[in-house]
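With JSON, C-alpha atoms inside, this is protein_29.json:
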[["chain", "number", "residue", "atom", "x", "y", "z"],
["A", 983, "MET", "CA", -82.42, 138.90, 41.44],
["A", 984, "SER", "CA", -80.72, 139.70, 38.13],
["A", 985, "GLN", "CA", -81.77, 138.36, 34.75],
["A", 986, "GLY", "CA", -80.31, 135.03, 33.73],
["A", 987, "TYR", "CA", -80.69, 131.42, 32.67],
["A", 988, "VAL", "CA", -80.40, 128.15, 34.53],
["A", 989, "ILE", "CA", -80.10, 124.58, 33.29],
["A", 990, "GLU", "CA", -82.12, 122.48, 35.72],
["A", 991, "LEU", "CA", -82.55, 118.78, 36.35],
["A", 992, "TYR", "CA", -86.18, 117.87, 37.18],
["A", 993, "PHE", "CA", -87.37, 114.88, 39.19],
["A", 994, "ASP", "CA", -89.93, 112.11, 38.86],
["A", 995, "PRO", "CA", -93.38, 113.06, 40.27],
["A", 996, "ALA", "CA", -92.94, 111.20, 43.57],
["A", 997, "LEU", "CA", -89.60, 112.85, 44.37],
["A", 998, "GLU", "CA", -90.89, 116.24, 43.19],
["A", 999, "ASN", "CA", -93.83, 115.85, 45.60],
["A", 1000, "GLN", "CA", -91.46, 115.10, 48.50],
["A", 1001, "VAL", "CA", -89.60, 118.36, 47.83],
["A", 1002, "LEU", "CA", -92.86, 120.28, 47.41],
["A", 1003, "LYS", "CA", -93.93, 118.92, 50.79],
["A", 1004, "ALA", "CA", -90.86, 120.62, 52.32],
["A", 1005, "TRP", "CA", -91.69, 123.88, 50.54],
["A", 1006, "ASN", "CA", -95.28, 123.74, 51.78],
["A", 1007, "VAL", "CA", -94.37, 122.98, 55.39],
["A", 1008, "LEU", "CA", -91.96, 125.93, 55.43],
["A", 1009, "ALA", "CA", -94.63, 128.14, 53.83],
["A", 1010, "ARG", "CA", -97.33, 127.10, 56.33],
["A", 1011, "ARG", "CA", -94.98, 128.03, 59.16],
["A", 1012, "GLN", "CA", -94.27, 131.34, 57.39],
["A", 1013, "ILE", "CA", -90.55, 130.62, 57.27],
["A", 1014, "SER", "CA", -90.11, 130.81, 53.50],
["A", 1015, "THR", "CA", -92.56, 131.13, 50.60],
["A", 1016, "GLN", "CA", -90.15, 132.47, 47.98],
["A", 1017, "LEU", "CA", -89.89, 129.33, 45.79],
["A", 1018, "ILE", "CA", -93.67, 128.90, 45.70],
["A", 1019, "GLU", "CA", -94.24, 132.59, 44.95],
["A", 1020, "ILE", "CA", -91.84, 132.65, 41.99],
["A", 1021, "GLU", "CA", -93.46, 129.44, 40.67],
["A", 1022, "SER", "CA", -90.22, 127.51, 40.64],
["A", 1023, "ARG", "CA", -90.13, 123.76, 40.28],
["A", 1024, "PRO", "CA", -88.05, 121.40, 42.45],
["A", 1025, "HIS", "CA", -84.72, 120.83, 40.73],
["A", 1026, "ILE", "CA", -80.95, 120.54, 40.89],
["A", 1027, "THR", "CA", -79.20, 123.44, 39.18],
["A", 1028, "LEU", "CA", -76.59, 122.15, 36.74],
["A", 1029, "PHE", "CA", -75.43, 125.49, 35.27],
["A", 1030, "SER", "CA", -76.41, 129.14, 35.52],
["A", 1031, "SER", "CA", -75.40, 132.24, 33.60],
["A", 1032, "PRO", "CA", -76.76, 135.62, 32.58],
["A", 1033, "TYR", "CA", -75.30, 135.03, 29.10],
["A", 1034, "PHE", "CA", -76.65, 131.70, 27.77],
["A", 1035, "ASP", "CA", -77.93, 131.77, 24.19],
["A", 1036, "PRO", "CA", -81.08, 129.61, 24.32],
["A", 1037, "SER", "CA", -81.05, 128.81, 20.60],
["A", 1038, "LYS", "CA", -77.48, 127.54, 20.80],
["A", 1039, "LEU", "CA", -78.15, 125.55, 23.96],
["A", 1040, "GLU", "CA", -81.32, 123.85, 22.75],
["A", 1041, "ASN", "CA", -79.60, 121.47, 20.30],
["A", 1042, "ILE", "CA", -76.79, 120.72, 22.75],
["A", 1043, "VAL", "CA", -79.21, 119.85, 25.56],
["A", 1044, "LYS", "CA", -81.56, 117.96, 23.22],
["A", 1045, "ASN", "CA", -78.77, 115.77, 21.86],
["A", 1046, "PHE", "CA", -77.24, 115.27, 25.29],
["A", 1047, "SER", "CA", -80.54, 114.33, 26.96],
["A", 1048, "SER", "CA", -81.39, 111.80, 24.24],
["A", 1049, "LYS", "CA", -78.26, 109.80, 25.14],
["A", 1050, "GLN", "CA", -78.98, 109.77, 28.89],
["A", 1051, "GLU", "CA", -81.12, 107.57, 31.09],
["A", 1052, "SER", "CA", -83.09, 108.63, 34.14],
["A", 1053, "LEU", "CA", -80.67, 109.24, 36.96],
["A", 1054, "PRO", "CA", -81.14, 107.79, 40.45],
["A", 1055, "LEU", "CA", -81.03, 110.43, 43.19],
["A", 1056, "SER", "CA", -81.08, 110.24, 46.97],
["A", 1057, "PHE", "CA", -81.29, 113.36, 49.13],
["A", 1058, "GLY", "CA", -79.93, 112.46, 52.54],
["A", 1059, "SER", "CA", -78.77, 115.70, 54.10],
["A", 1060, "ILE", "CA", -79.75, 119.32, 54.65],
["A", 1061, "GLY", "CA", -77.45, 122.25, 54.06],
["A", 1062, "SER", "CA", -77.10, 125.98, 53.76],
["A", 1063, "LEU", "CA", -74.93, 128.15, 51.54],
["A", 1064, "PRO", "CA", -72.71, 130.91, 52.97],
["A", 1065, "SER", "CA", -74.60, 133.72, 51.26],
["A", 1066, "ASP", "CA", -76.85, 136.63, 52.15],
["A", 1067, "ASP", "CA", -79.84, 134.84, 50.56],
["A", 1068, "ASN", "CA", -80.23, 132.53, 53.58],
["A", 1069, "VAL", "CA", -80.96, 129.47, 51.47],
["A", 1070, "LEU", "CA", -81.55, 125.94, 52.67],
["A", 1071, "PHE", "CA", -81.25, 122.89, 50.47],
["A", 1072, "LEU", "CA", -81.46, 119.15, 50.30],
["A", 1073, "ALA", "CA", -78.14, 117.66, 49.22],
["A", 1074, "PRO", "CA", -78.10, 114.64, 46.94],
["A", 1075, "THR", "CA", -75.56, 111.91, 47.50],
["A", 1076, "PRO", "CA", -72.86, 112.90, 44.96],
["A", 1077, "THR", "CA", -72.89, 109.58, 43.10],
["A", 1078, "LEU", "CA", -70.52, 108.87, 40.25],
["A", 1079, "SER", "CA", -73.48, 108.83, 37.83],
["A", 1080, "LEU", "CA", -74.63, 112.32, 38.93],
["A", 1081, "LEU", "CA", -71.12, 113.76, 38.74],
["A", 1082, "GLN", "CA", -70.50, 112.16, 35.33],
["A", 1083, "PHE", "CA", -73.84, 113.46, 34.03],
["A", 1084, "HIS", "CA", -72.84, 117.00, 35.01],
["A", 1085, "SER", "CA", -69.30, 116.60, 33.66],
["A", 1086, "GLN", "CA", -70.47, 115.22, 30.31],
["A", 1087, "LEU", "CA", -72.94, 118.08, 29.84],
["A", 1088, "PHE", "CA", -70.16, 120.53, 30.77],
["A", 1089, "ASP", "CA", -67.92, 118.94, 28.10],
["A", 1090, "ALA", "CA", -70.68, 119.12, 25.47],
["A", 1091, "MET", "CA", -71.28, 122.81, 26.22],
["A", 1092, "LYS", "CA", -67.58, 123.66, 26.36],
["A", 1093, "LYS", "CA", -67.03, 121.93, 23.00],
["A", 1094, "GLU", "CA", -69.58, 124.34, 21.50],
["A", 1095, "GLY", "CA", -67.77, 127.36, 22.97],
["A", 1096, "ILE", "CA", -70.22, 128.08, 25.79],
["A", 1097, "GLU", "CA", -68.61, 129.85, 28.74],
["A", 1098, "ILE", "CA", -69.23, 128.19, 32.09],
["A", 1099, "ALA", "CA", -68.99, 130.05, 35.40],
["A", 1100, "GLU", "CA", -66.34, 128.82, 37.83],
["A", 1101, "GLU", "CA", -68.88, 127.58, 40.40],
["A", 1102, "ASN", "CA", -70.53, 125.38, 37.72],
["A", 1103, "ARG", "CA", -67.36, 123.61, 36.57],
["A", 1104, "PRO", "CA", -67.11, 119.90, 37.41],
["A", 1105, "ASP", "CA", -64.32, 120.36, 39.98],
["A", 1106, "THR", "CA", -66.21, 123.07, 41.95],
["A", 1107, "TRP", "CA", -69.92, 122.33, 41.35],
["A", 1108, "ILE", "CA", -72.01, 121.58, 44.44],
["A", 1109, "PRO", "CA", -75.24, 119.75, 43.59],
["A", 1110, "TYR", "CA", -78.26, 120.77, 45.67],
["A", 1111, "CYS", "CA", -82.02, 121.19, 45.56],
["A", 1112, "LEU", "CA", -83.28, 124.47, 47.06],
["A", 1113, "VAL", "CA", -86.03, 124.13, 49.63],
["A", 1114, "ALA", "CA", -86.02, 127.68, 51.04],
["A", 1115, "GLU", "CA", -84.73, 131.13, 50.14],
["A", 1116, "GLU", "CA", -84.63, 134.32, 52.17],
["A", 1117, "VAL", "CA", -85.13, 132.54, 55.48],
["A", 1118, "PRO", "CA", -84.93, 135.09, 58.29],
["A", 1119, "LYS", "CA", -81.68, 134.53, 60.22],
["A", 1120, "THR", "CA", -83.63, 134.21, 63.44],
["A", 1121, "ARG", "CA", -85.60, 131.28, 61.96],
["A", 1122, "MET", "CA", -82.78, 129.25, 60.38],
["A", 1123, "GLY", "CA", -82.64, 126.84, 63.33],
["A", 1124, "GLU", "CA", -86.39, 126.28, 63.19],
["A", 1125, "ALA", "CA", -86.22, 125.73, 59.42],
["A", 1126, "PHE", "CA", -83.49, 123.10, 59.86],
["A", 1127, "THR", "CA", -85.61, 121.35, 62.49],
["A", 1128, "VAL", "CA", -88.64, 121.33, 60.18],
["A", 1129, "LEU", "CA", -86.56, 119.83, 57.37],
["A", 1130, "ARG", "CA", -85.06, 117.20, 59.68],
["A", 1131, "ASP", "CA", -88.59, 115.96, 60.32],
["A", 1132, "LEU", "CA", -88.95, 115.03, 56.62],
["A", 1133, "LYS", "CA", -87.65, 111.51, 57.21],
["A", 1134, "LEU", "CA", -84.59, 111.68, 54.98],
["A", 1135, "PRO", "CA", -83.38, 110.23, 52.76],
["A", 1136, "VAL", "CA", -85.91, 110.89, 50.02],
["A", 1137, "ALA", "CA", -85.08, 109.15, 46.78],
["A", 1138, "GLY", "CA", -86.21, 109.01, 43.20],
["A", 1139, "TYR", "CA", -84.97, 109.85, 39.74],
["A", 1140, "ALA", "CA", -83.95, 112.82, 37.63],
["A", 1141, "MET", "CA", -86.16, 112.51, 34.55],
["A", 1142, "GLU", "CA", -85.93, 115.76, 32.63],
["A", 1143, "ILE", "CA", -83.53, 118.59, 31.83],
["A", 1144, "ALA", "CA", -84.68, 122.16, 31.16],
["A", 1145, "LEU", "CA", -83.48, 125.66, 30.42],
["A", 1146, "VAL", "CA", -85.23, 128.20, 32.63],
["A", 1147, "GLU", "CA", -85.13, 131.98, 32.34],
["A", 1148, "TYR", "CA", -85.54, 134.24, 35.38],
["A", 1149, "PRO", "CA", -87.03, 136.52, 36.60],
["A", 1150, "PRO", "CA", -89.80, 135.75, 36.21],
["A", 1151, "VAL", "CA", -89.30, 131.99, 36.18],
["A", 1152, "ARG", "CA", -90.14, 130.73, 32.68],
["A", 1153, "GLU", "CA", -89.22, 127.40, 31.14],
["A", 1154, "VAL", "CA", -87.64, 127.99, 27.72],
["A", 1155, "PHE", "CA", -87.43, 124.29, 26.77],
["A", 1156, "SER", "CA", -87.19, 120.88, 28.40],
["A", 1157, "PHE", "CA", -86.34, 117.34, 27.32],
["A", 1158, "VAL", "CA", -87.08, 114.01, 28.97],
["A", 1159, "LEU", "CA", -83.91, 112.01, 29.55],
["A", 1160, "GLY", "CA", -83.56, 109.09, 27.15],
["A", 1161, "ASN", "CA", -86.03, 110.35, 24.55],
["A", 1162, "THR", "CA", -84.49, 109.71, 21.16],
["A", 1163, "VAL", "CA", -84.17, 112.68, 18.87],
["A", 1164, "GLU", "CA", -86.09, 112.47, 15.62],
["A", 1165, "PRO", "CA", -83.95, 112.90, 12.49]]
Target format structure tokens, applied to this file:
Amino acid sequence: MSQGYVIELYFDPALENQVLKAWNVLARRQISTQLIEIESRPHITLFSSPYFDPSKLENIVKNFSSKQESLPLSFGSIGSLPSDDNVLFLAPTPTLSLLQFHSQLFDAMKKEGIEIAEENRPDTWIPYCLVAEEVPKTRMGEAFTVLRDLKLPVAGYAMEIALVEYPPVREVFSFVLGNTVEP
């Protein structure tokens, strides 16, 4: 894993616990422990880059988050990305409010001259919440079956936005959505 930064959307405690339940079940079955080991937190990745300037991003994210409300989320399907990392994820319903949230943050960052990778642009971004990384290929079917037993959909709210540095995983800053910014 190379050095970089990620802007993440965090969930309310009940939804976070539902995702952690998936992580723990996969860990108990020794399918995937990666997310627990790196001390990640359940989230949707909004943007990622090796080049973000945290000091420049902090004011943008702070101002943006103060104008937002908590965002309803519902994870109703399970997916996998076509990569060598063998990741599994829960996919949120791509509601207009989620897509607009992402697009508005993209616009705010672009306005400040921040470069955004192609896969994070509004017309190509795929929202997802990782539940497993580095799943052995021979256990992907079993992992899907375990996740199907979670009784989807799981629903809740996005409550917080954060900038996270990796590796190791370290939160640089975070803001609760809807908190007004002091003058």
Pick out the residues sitting within 8 Å of Gln1016 of chain A, and hand them over as a PyMOL selection string; count only C-alpha atoms, and ignore anything fewer than 6 positions along from it in its own chain. chain A and resi 1114-1116
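With atom CA of Val1158 of chain A on one side and atom CA of Leu1055 of chain A on the other, the separation reads 15.9 Å.
In this structure, atom CA of Pro1036 of chain A sits 27.4 Å away from atom CA of Val1001 of chain A.
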Excluding Val1113 of chain A and its own-chain neighbours fewer than 4 positions away, which residues fall within 9 Å of it when counting only C-alpha atoms? Please give them as a VMD selection string. chain A and resid 1001 to 1002 1004 to 1005 1008 1014 1017 1024 1069 to 1072 1129
Using the selection just defined, write its residues with C-alpha atoms as a compact mmCIF listing (two decimals), in the frame of the given file.
# COMPACT_ATOMS: atom_id res chain seq x y z
CA VAL A 1001 -89.60 118.36 47.83
CA LEU A 1002 -92.86 120.28 47.41
CA ALA A 1004 -90.86 120.62 52.32
CA TRP A 1005 -91.69 123.88 50.54
CA LEU A 1008 -91.96 125.93 55.43
CA SER A 1014 -90.11 130.81 53.50
CA LEU A 1017 -89.89 129.33 45.79
CA PRO A 1024 -88.05 121.40 42.45
CA VAL A 1069 -80.96 129.47 51.47
CA LEU A 1070 -81.55 125.94 52.67
CA PHE A 1071 -81.25 122.89 50.47
CA LEU A 1072 -81.46 119.15 50.30
CA LEU A 1129 -86.56 119.83 57.37
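Going from atom CA of Arg1011 of chain A to atom CA of Ala1073 of chain A covers 22.1 Å.
With all atoms listed in the file as the atoms that count, the residue of A:Gln1000, A:Gln1050, A:Gln985, A:Gln1012 with the shortest distance to Asn1161 of chain A is A:Gln1050.
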Mind listing as an mmCIF file with C-alpha atoms, keeping the file's coordinate frame all residues within 10 Å of (-81.1, 128.5, 59.3), counting all atoms listed in the file?
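Written file, selection_2.cif:
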data_model
loop_
_atom_site.group_PDB
_atom_site.id
_atom_site.type_symbol
_atom_site.label_atom_id
_atom_site.label_comp_id
_atom_site.auth_asym_id
_atom_site.auth_seq_id
_atom_site.Cartn_x
_atom_site.Cartn_y
_atom_site.Cartn_z
ATOM 1 C CA ILE A 1013 -90.550 130.620 57.270
ATOM 2 C CA GLY A 1061 -77.450 122.250 54.060
ATOM 3 C CA SER A 1062 -77.100 125.980 53.760
ATOM 4 C CA LEU A 1063 -74.930 128.150 51.540
ATOM 5 C CA ASN A 1068 -80.230 132.530 53.580
ATOM 6 C CA VAL A 1069 -80.960 129.470 51.470
ATOM 7 C CA LEU A 1070 -81.550 125.940 52.670
ATOM 8 C CA ALA A 1114 -86.020 127.680 51.040
ATOM 9 C CA GLU A 1116 -84.630 134.320 52.170
ATOM 10 C CA VAL A 1117 -85.130 132.540 55.480
ATOM 11 C CA PRO A 1118 -84.930 135.090 58.290
ATOM 12 C CA LYS A 1119 -81.680 134.530 60.220
ATOM 13 C CA THR A 1120 -83.630 134.210 63.440
ATOM 14 C CA ARG A 1121 -85.600 131.280 61.960
ATOM 15 C CA MET A 1122 -82.780 129.250 60.380
ATOM 16 C CA GLY A 1123 -82.640 126.840 63.330
ATOM 17 C CA GLU A 1124 -86.390 126.280 63.190
ATOM 18 C CA ALA A 1125 -86.220 125.730 59.420
ATOM 19 C CA PHE A 1126 -83.490 123.100 59.860
ATOM 20 C CA THR A 1127 -85.610 121.350 62.490
#
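Among the candidates A:Tyr1033, A:Leu997, A:Gln1082, A:Ala1144, the residue lying nearest to Phe1057 of chain A is A:Leu997 (atoms considered: only C-alpha atoms).
The closest residue to Asn1045 of chain A, picked from A:Gln1086, A:Pro995, A:Glu1147, A:Leu1132 and counting only C-alpha atoms, is A:Gln1086.
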Show me, as an MDAnalysis selection string, the residues that have an atom within 12 Å of Ile1026 of chain A when counting all atoms listed in the file, minus same-chain residues fewer than 5 positions from it. chainID A and resid 988:993 998 1001 1053 1055:1057 1071:1074 1076 1080 1084 1102 1107:1113 1139:1145
Determine, counting only C-alpha atoms, which protein, DNA and RNA residues have an atom within 10 Å of an atom of Leu1087 of chain A; residues of the same chain fewer than 2 positions away are not included. Present the result as a ChimeraX atom specification. /A:1028-1029,1042-1043,1046-1047,1082-1085,1089-1093,1104
Can you write segment 1040-1073 of chain A from the block above with N, CA, C and O atoms, as a PDB file, in the first residue's frame?
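File written: decode.pdb
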ATOM      1  N   GLU A1040      -8.435  21.227   4.838  1.00  0.00           N
ATOM      2  CA  GLU A1040      -9.167  21.350   6.101  1.00  0.00           C
ATOM      3  C   GLU A1040     -10.252  22.420   6.042  1.00  0.00           C
ATOM      4  O   GLU A1040     -11.403  22.171   6.424  1.00  0.00           O
ATOM      5  N   ASN A1041      -9.930  23.619   5.551  1.00  0.00           N
ATOM      6  CA  ASN A1041     -10.942  24.678   5.475  1.00  0.00           C
ATOM      7  C   ASN A1041     -12.044  24.345   4.485  1.00  0.00           C
ATOM      8  O   ASN A1041     -13.211  24.644   4.731  1.00  0.00           O
ATOM      9  N   ILE A1042     -11.675  23.727   3.367  1.00  0.00           N
ATOM     10  CA  ILE A1042     -12.676  23.354   2.358  1.00  0.00           C
ATOM     11  C   ILE A1042     -13.674  22.371   2.968  1.00  0.00           C
ATOM     12  O   ILE A1042     -14.889  22.562   2.876  1.00  0.00           O
ATOM     13  N   VAL A1043     -13.166  21.321   3.607  1.00  0.00           N
ATOM     14  CA  VAL A1043     -14.022  20.288   4.177  1.00  0.00           C
ATOM     15  C   VAL A1043     -14.822  20.843   5.359  1.00  0.00           C
ATOM     16  O   VAL A1043     -16.011  20.535   5.517  1.00  0.00           O
ATOM     17  N   LYS A1044     -14.193  21.683   6.164  1.00  0.00           N
ATOM     18  CA  LYS A1044     -14.883  22.281   7.317  1.00  0.00           C
ATOM     19  C   LYS A1044     -16.067  23.127   6.854  1.00  0.00           C
ATOM     20  O   LYS A1044     -17.186  22.973   7.359  1.00  0.00           O
ATOM     21  N   ASN A1045     -15.832  23.989   5.886  1.00  0.00           N
ATOM     22  CA  ASN A1045     -16.909  24.845   5.372  1.00  0.00           C
ATOM     23  C   ASN A1045     -17.991  24.020   4.687  1.00  0.00           C
ATOM     24  O   ASN A1045     -19.183  24.266   4.869  1.00  0.00           O
ATOM     25  N   PHE A1046     -17.575  23.042   3.910  1.00  0.00           N
ATOM     26  CA  PHE A1046     -18.532  22.190   3.205  1.00  0.00           C
ATOM     27  C   PHE A1046     -19.400  21.426   4.204  1.00  0.00           C
ATOM     28  O   PHE A1046     -20.626  21.405   4.097  1.00  0.00           O
ATOM     29  N   SER A1047     -18.771  20.799   5.186  1.00  0.00           N
ATOM     30  CA  SER A1047     -19.516  19.966   6.140  1.00  0.00           C
ATOM     31  C   SER A1047     -20.496  20.789   6.970  1.00  0.00           C
ATOM     32  O   SER A1047     -21.561  20.287   7.340  1.00  0.00           O
ATOM     33  N   SER A1048     -20.163  22.040   7.239  1.00  0.00           N
ATOM     34  CA  SER A1048     -21.054  22.876   8.051  1.00  0.00           C
ATOM     35  C   SER A1048     -22.371  23.171   7.337  1.00  0.00           C
ATOM     36  O   SER A1048     -23.385  23.443   7.986  1.00  0.00           O
ATOM     37  N   LYS A1049     -22.371  23.081   6.019  1.00  0.00           N
ATOM     38  CA  LYS A1049     -23.574  23.383   5.227  1.00  0.00           C
ATOM     39  C   LYS A1049     -24.369  22.124   4.884  1.00  0.00           C
ATOM     40  O   LYS A1049     -25.363  22.198   4.176  1.00  0.00           O
ATOM     41  N   GLN A1050     -23.935  20.975   5.375  1.00  0.00           N
ATOM     42  CA  GLN A1050     -24.581  19.702   5.047  1.00  0.00           C
ATOM     43  C   GLN A1050     -25.374  19.180   6.236  1.00  0.00           C
ATOM     44  O   GLN A1050     -25.107  19.546   7.382  1.00  0.00           O
ATOM     45  N   GLU A1051     -26.307  18.311   5.943  1.00  0.00           N
ATOM     46  CA  GLU A1051     -27.050  17.600   6.983  1.00  0.00           C
ATOM     47  C   GLU A1051     -26.615  16.143   6.945  1.00  0.00           C
ATOM     48  O   GLU A1051     -26.012  15.698   5.975  1.00  0.00           O
ATOM     49  N   SER A1052     -26.946  15.407   7.995  1.00  0.00           N
ATOM     50  CA  SER A1052     -26.677  13.969   7.950  1.00  0.00           C
ATOM     51  C   SER A1052     -27.374  13.405   6.717  1.00  0.00           C
ATOM     52  O   SER A1052     -28.404  13.898   6.279  1.00  0.00           O
ATOM     53  N   LEU A1053     -26.772  12.393   6.168  1.00  0.00           N
ATOM     54  CA  LEU A1053     -27.180  11.863   4.869  1.00  0.00           C
ATOM     55  C   LEU A1053     -27.720  10.443   5.027  1.00  0.00           C
ATOM     56  O   LEU A1053     -27.008   9.565   5.498  1.00  0.00           O
ATOM     57  N   PRO A1054     -28.977  10.195   4.650  1.00  0.00           N
ATOM     58  CA  PRO A1054     -29.495   8.836   4.773  1.00  0.00           C
ATOM     59  C   PRO A1054     -28.778   7.875   3.815  1.00  0.00           C
ATOM     60  O   PRO A1054     -28.507   8.232   2.669  1.00  0.00           O
ATOM     61  N   LEU A1055     -28.449   6.700   4.333  1.00  0.00           N
ATOM     62  CA  LEU A1055     -27.761   5.675   3.537  1.00  0.00           C
ATOM     63  C   LEU A1055     -28.458   4.338   3.725  1.00  0.00           C
ATOM     64  O   LEU A1055     -28.928   4.029   4.821  1.00  0.00           O
ATOM     65  N   SER A1056     -28.496   3.554   2.664  1.00  0.00           N
ATOM     66  CA  SER A1056     -29.003   2.194   2.743  1.00  0.00           C
ATOM     67  C   SER A1056     -28.101   1.305   1.893  1.00  0.00           C
ATOM     68  O   SER A1056     -27.935   1.546   0.701  1.00  0.00           O
ATOM     69  N   PHE A1057     -27.491   0.315   2.556  1.00  0.00           N
ATOM     70  CA  PHE A1057     -26.620  -0.634   1.864  1.00  0.00           C
ATOM     71  C   PHE A1057     -27.435  -1.882   1.570  1.00  0.00           C
ATOM     72  O   PHE A1057     -27.786  -2.610   2.491  1.00  0.00           O
ATOM     73  N   GLY A1058     -27.721  -2.117   0.290  1.00  0.00           N
ATOM     74  CA  GLY A1058     -28.605  -3.210  -0.067  1.00  0.00           C
ATOM     75  C   GLY A1058     -27.981  -4.294  -0.918  1.00  0.00           C
ATOM     76  O   GLY A1058     -28.631  -5.293  -1.221  1.00  0.00           O
ATOM     77  N   SER A1059     -26.716  -4.108  -1.310  1.00  0.00           N
ATOM     78  CA  SER A1059     -26.094  -5.134  -2.144  1.00  0.00           C
ATOM     79  C   SER A1059     -24.623  -5.309  -1.789  1.00  0.00           C
ATOM     80  O   SER A1059     -24.019  -4.461  -1.136  1.00  0.00           O
ATOM     81  N   ILE A1060     -24.081  -6.411  -2.249  1.00  0.00           N
ATOM     82  CA  ILE A1060     -22.693  -6.790  -1.998  1.00  0.00           C
ATOM     83  C   ILE A1060     -21.976  -6.796  -3.335  1.00  0.00           C
ATOM     84  O   ILE A1060     -22.549  -7.218  -4.345  1.00  0.00           O
ATOM     85  N   GLY A1061     -20.735  -6.338  -3.345  1.00  0.00           N
ATOM     86  CA  GLY A1061     -20.003  -6.328  -4.600  1.00  0.00           C
ATOM     87  C   GLY A1061     -18.528  -6.593  -4.412  1.00  0.00           C
ATOM     88  O   GLY A1061     -18.030  -6.721  -3.295  1.00  0.00           O
ATOM     89  N   SER A1062     -17.843  -6.654  -5.536  1.00  0.00           N
ATOM     90  CA  SER A1062     -16.400  -6.857  -5.562  1.00  0.00           C
ATOM     91  C   SER A1062     -15.829  -6.002  -6.683  1.00  0.00           C
ATOM     92  O   SER A1062     -16.493  -5.785  -7.699  1.00  0.00           O
ATOM     93  N   LEU A1063     -14.618  -5.523  -6.485  1.00  0.00           N
ATOM     94  CA  LEU A1063     -13.958  -4.720  -7.517  1.00  0.00           C
ATOM     95  C   LEU A1063     -13.030  -5.609  -8.342  1.00  0.00           C
ATOM     96  O   LEU A1063     -12.419  -6.535  -7.800  1.00  0.00           O
ATOM     97  N   PRO A1064     -12.902  -5.316  -9.632  1.00  0.00           N
ATOM     98  CA  PRO A1064     -11.996  -6.114 -10.479  1.00  0.00           C
ATOM     99  C   PRO A1064     -10.547  -5.691 -10.256  1.00  0.00           C
ATOM    100  O   PRO A1064      -9.958  -4.996 -11.054  1.00  0.00           O
ATOM    101  N   SER A1065      -9.995  -6.092  -9.112  1.00  0.00           N
ATOM    102  CA  SER A1065      -8.614  -5.731  -8.792  1.00  0.00           C
ATOM    103  C   SER A1065      -7.915  -6.929  -8.169  1.00  0.00           C
ATOM    104  O   SER A1065      -8.547  -7.925  -7.818  1.00  0.00           O
ATOM    105  N   ASP A1066      -6.615  -6.799  -7.995  1.00  0.00           N
ATOM    106  CA  ASP A1066      -5.832  -7.879  -7.397  1.00  0.00           C
ATOM    107  C   ASP A1066      -5.952  -7.906  -5.876  1.00  0.00           C
ATOM    108  O   ASP A1066      -5.437  -8.809  -5.225  1.00  0.00           O
ATOM    109  N   ASP A1067      -6.620  -6.878  -5.294  1.00  0.00           N
ATOM    110  CA  ASP A1067      -6.742  -6.790  -3.840  1.00  0.00           C
ATOM    111  C   ASP A1067      -7.831  -7.699  -3.278  1.00  0.00           C
ATOM    112  O   ASP A1067      -7.942  -7.847  -2.067  1.00  0.00           O
ATOM    113  N   ASN A1068      -8.653  -8.277  -4.170  1.00  0.00           N
ATOM    114  CA  ASN A1068      -9.750  -9.145  -3.744  1.00  0.00           C
ATOM    115  C   ASN A1068     -10.591  -8.502  -2.642  1.00  0.00           C
ATOM    116  O   ASN A1068     -10.704  -9.022  -1.540  1.00  0.00           O
ATOM    117  N   VAL A1069     -11.160  -7.343  -2.958  1.00  0.00           N
ATOM    118  CA  VAL A1069     -11.980  -6.635  -1.983  1.00  0.00           C
ATOM    119  C   VAL A1069     -13.454  -6.972  -2.167  1.00  0.00           C
ATOM    120  O   VAL A1069     -13.911  -7.267  -3.275  1.00  0.00           O
ATOM    121  N   LEU A1070     -14.165  -6.928  -1.049  1.00  0.00           N
ATOM    122  CA  LEU A1070     -15.615  -7.055  -1.048  1.00  0.00           C
ATOM    123  C   LEU A1070     -16.178  -5.816  -0.379  1.00  0.00           C
ATOM    124  O   LEU A1070     -15.563  -5.262   0.539  1.00  0.00           O
ATOM    125  N   PHE A1071     -17.353  -5.397  -0.835  1.00  0.00           N
ATOM    126  CA  PHE A1071     -17.932  -4.187  -0.257  1.00  0.00           C
ATOM    127  C   PHE A1071     -19.438  -4.279  -0.183  1.00  0.00           C
ATOM    128  O   PHE A1071     -20.068  -5.108  -0.845  1.00  0.00           O
ATOM    129  N   LEU A1072     -19.992  -3.411   0.659  1.00  0.00           N
ATOM    130  CA  LEU A1072     -21.422  -3.173   0.681  1.00  0.00           C
ATOM    131  C   LEU A1072     -21.658  -1.947  -0.190  1.00  0.00           C
ATOM    132  O   LEU A1072     -20.932  -0.950  -0.068  1.00  0.00           O
ATOM    133  N   ALA A1073     -22.638  -2.020  -1.061  1.00  0.00           N
ATOM    134  CA  ALA A1073     -22.920  -0.902  -1.968  1.00  0.00           C
ATOM    135  C   ALA A1073     -24.149  -0.142  -1.475  1.00  0.00           C
ATOM    136  O   ALA A1073     -25.206  -0.742  -1.268  1.00  0.00           O
TER     137      ALA A1073
END
